[in-house]
>>> print(open('work.txt').read())   # compact mmCIF, C-alpha atoms
# COMPACT_ATOMS: atom_id res chain seq x y z
CA MET A 27 0.00 0.00 0.00
CA ALA A 28 1.46 3.38 -1.07
CA ARG A 29 1.75 6.20 1.39
CA ALA A 30 -0.05 9.45 0.76
CA ASP A 31 2.53 11.81 -0.69
CA ILE A 32 2.03 15.57 -0.49
CA ARG A 33 4.59 16.34 -3.19
CA ASN A 34 2.42 15.53 -6.17
CA ASP A 35 -1.16 14.97 -5.08
CA GLY A 36 -2.13 18.66 -5.40
CA ARG A 37 -3.44 19.23 -1.88
CA PRO A 38 -2.88 22.75 -0.53
CA ILE A 39 -0.54 22.76 2.43
CA THR A 40 -0.41 25.66 4.84
CA VAL A 41 3.01 26.38 6.21
CA GLN A 42 3.11 27.90 9.67
CA HIS A 43 5.91 30.00 11.04
CA HIS A 44 7.01 28.84 14.50
CA SER A 45 8.86 31.86 15.82
CA ALA A 46 8.61 33.87 18.94
CA ARG A 47 9.00 37.11 16.97
CA GLY A 48 5.49 37.10 15.57
CA ASP A 49 4.44 37.52 11.94
CA VAL A 50 7.09 37.28 9.28
CA LYS A 51 7.56 40.42 7.19
CA ARG A 52 8.99 39.91 3.72
CA ASN A 53 10.40 42.50 1.31
CA SER A 54 8.67 40.99 -1.68
CA GLY A 55 6.35 43.88 -2.47
CA ASN A 56 7.25 47.16 -4.14
CA PHE A 57 10.78 47.32 -2.82
CA THR A 58 13.83 48.40 -4.79
CA ARG A 59 17.31 48.92 -3.44
CA GLY A 60 19.13 52.19 -4.11
CA SER A 61 21.95 50.42 -5.93
CA GLN A 62 19.42 48.92 -8.34
CA LEU A 63 17.99 52.36 -9.04
CA LEU A 64 21.46 53.86 -9.57
CA SER A 65 22.65 51.11 -11.93
CA HIS A 66 19.38 51.32 -13.88
CA GLU A 67 19.76 55.09 -14.21
CA VAL A 68 23.38 54.80 -15.38
CA LEU A 69 22.58 52.05 -17.90
CA MET A 70 19.68 54.04 -19.32
CA TRP A 71 21.89 57.13 -19.66
CA LEU A 72 24.63 55.14 -21.42
CA SER A 73 22.16 53.57 -23.84
CA GLY A 74 20.95 57.05 -24.78
CA ALA A 75 24.43 58.57 -24.94
CA LYS A 76 25.83 56.00 -27.35
CA MET A 77 23.40 56.87 -30.16
CA PRO A 78 24.89 60.30 -31.00
CA PHE A 79 28.36 58.74 -30.91
CA LEU A 80 27.29 56.00 -33.34
CA MET A 81 25.62 58.58 -35.60
CA TRP A 82 28.80 60.70 -35.77
CA LEU A 83 30.89 57.61 -36.40
CA GLY A 84 28.60 56.60 -39.26
CA VAL A 85 28.65 60.09 -40.79
CA VAL A 86 32.46 60.31 -40.62
CA LEU A 87 32.83 56.82 -42.11
CA LEU A 88 30.40 57.61 -44.93
CA ALA A 89 32.19 60.90 -45.69
CA TYR A 90 35.55 59.09 -45.71
CA VAL A 91 34.28 56.49 -48.18
CA VAL A 92 32.82 59.19 -50.45
CA ILE A 93 36.07 61.20 -50.39
CA LEU A 94 38.14 58.10 -51.18
CA SER A 95 35.83 57.05 -54.01
CA VAL A 96 36.09 60.51 -55.60
CA LYS A 97 39.86 60.93 -55.16
CA LEU A 98 41.07 57.41 -56.02
CA ASP A 99 40.77 55.51 -59.25
CA GLU A 100 39.63 51.87 -59.40
CA ASN A 101 43.11 50.38 -59.35
CA ASN A 102 44.08 52.18 -56.14
CA VAL A 103 40.86 51.01 -54.48
CA GLN A 104 41.72 47.43 -55.49
CA LEU A 105 45.22 47.77 -54.00
CA ILE A 106 43.77 49.15 -50.74
CA CYS A 107 41.28 46.25 -50.63
CA MET A 108 44.11 43.75 -51.20
CA ARG A 109 46.05 45.30 -48.32
CA VAL A 110 43.00 45.03 -46.04
CA LEU A 111 42.45 41.45 -47.20
CA SER A 112 46.09 40.65 -46.48
CA GLY A 113 45.74 42.04 -42.95
CA LEU A 114 42.60 39.96 -42.35
CA TRP A 115 44.35 36.94 -43.85
CA GLU A 116 47.20 37.31 -41.37
CA TRP A 117 44.84 38.01 -38.45
CA VAL A 118 42.90 34.78 -39.11
CA ALA A 119 46.28 33.01 -39.40
CA LEU A 120 45.71 31.53 -42.84
CA ASP A 121 48.55 30.50 -45.13
CA PRO A 122 50.70 33.61 -45.82
CA MET A 123 52.29 31.86 -48.81
CA LYS A 124 49.05 31.82 -50.84
CA PRO A 125 49.90 33.11 -54.32
CA VAL A 126 48.00 36.21 -55.48
CA ASN A 127 48.11 38.46 -58.51
CA LEU A 128 48.24 42.24 -58.02
CA ARG A 129 47.31 44.54 -60.86
CA LEU A 130 49.59 47.55 -60.52
CA PRO A 131 48.69 51.09 -61.65
CA ASP A 132 50.52 50.61 -64.98
CA ASN A 133 48.21 47.60 -65.71
CA SER A 134 51.00 45.07 -65.21
CA VAL A 135 50.33 42.00 -63.10
CA ARG A 136 52.70 41.17 -60.26
CA HIS A 137 52.74 37.64 -58.87
CA THR A 138 53.36 37.69 -55.12
CA TYR A 139 52.23 36.02 -51.91
CA MET A 140 49.45 37.11 -49.56
CA GLY A 141 51.87 37.74 -46.69
CA TYR A 142 53.98 40.07 -48.84
CA VAL A 143 51.14 42.23 -50.21
CA PRO A 144 51.60 45.11 -47.71
CA TYR A 145 55.32 45.31 -48.61
CA VAL A 146 54.83 45.78 -52.36
CA PRO A 147 55.91 49.41 -53.04
CA ASP A 148 52.77 50.33 -55.02
CA VAL A 149 50.52 48.95 -52.25
CA ALA A 150 52.52 50.71 -49.53
CA LEU A 151 52.29 53.96 -51.51
>>> encode(input="work.txt", output="structure tokens")
Amino acid sequence: MARADIRNDGRPITVQHHSARGDVKRNSGNFTRGSQLLSHEVLMWLSGAKMPFLMWLGVVLLAYVVILSVKLDENNVQLICMRVLSGLWEWVALDPMKPVNLRLPDNSVRHTYMGYVPYVPDVAL
């Protein structure tokens, strides 16, 4: 015969507090600590303060791209992109001896390796 178990039969159980101090008072109502209010205020201020910074960063980046696209011809943009790709290639630690072809400003093709792209004089210029 199985014993009656209160853990899963769904009966309501009243729990009584056996203390000489009287009724138990709990801080479970509308109670917030001052540190919680301060951290909330600071986090809300920071979330609002980062938007103007991001907007200025976006405007400066867009202006920089527009200026570069007006001032540079297509070949120079390709050389800058190859230098950025070479930096990413090294950062990810891929094979620096991967052969690549660079088209130089005089339309000649230079065969080199990905690790040496930043050191080509036309790319460095």
>>> atom_distance(input="work.txt", atom1="atom CA of Asn133 of chain A", atom2="atom CA of Asn102 of chain A")
11.4 Å
>>> closest_residue(input="work.txt", among="A:Asp121, A:Glu116, A:Asp148, A:Glu67", to="Val103 of chain A", atoms="only C-alpha atoms")
A:Asp148
>>> residues_near_point(input="work.txt", point="(39.2, 54.4, -51.8)", cutoff="12 Å", atoms="all atoms listed in the file", output="PyMOL selection string")
chain A and resi 87-110
>>> atom_distance(input="work.txt", atom1="atom CA of Pro78 of chain A", atom2="atom CA of Ser65 of chain A")
21.3 Å
>>> atom_distance(input="work.txt", atom1="atom CA of Val68 of chain A", atom2="atom CA of Leu80 of chain A")
18.4 Å
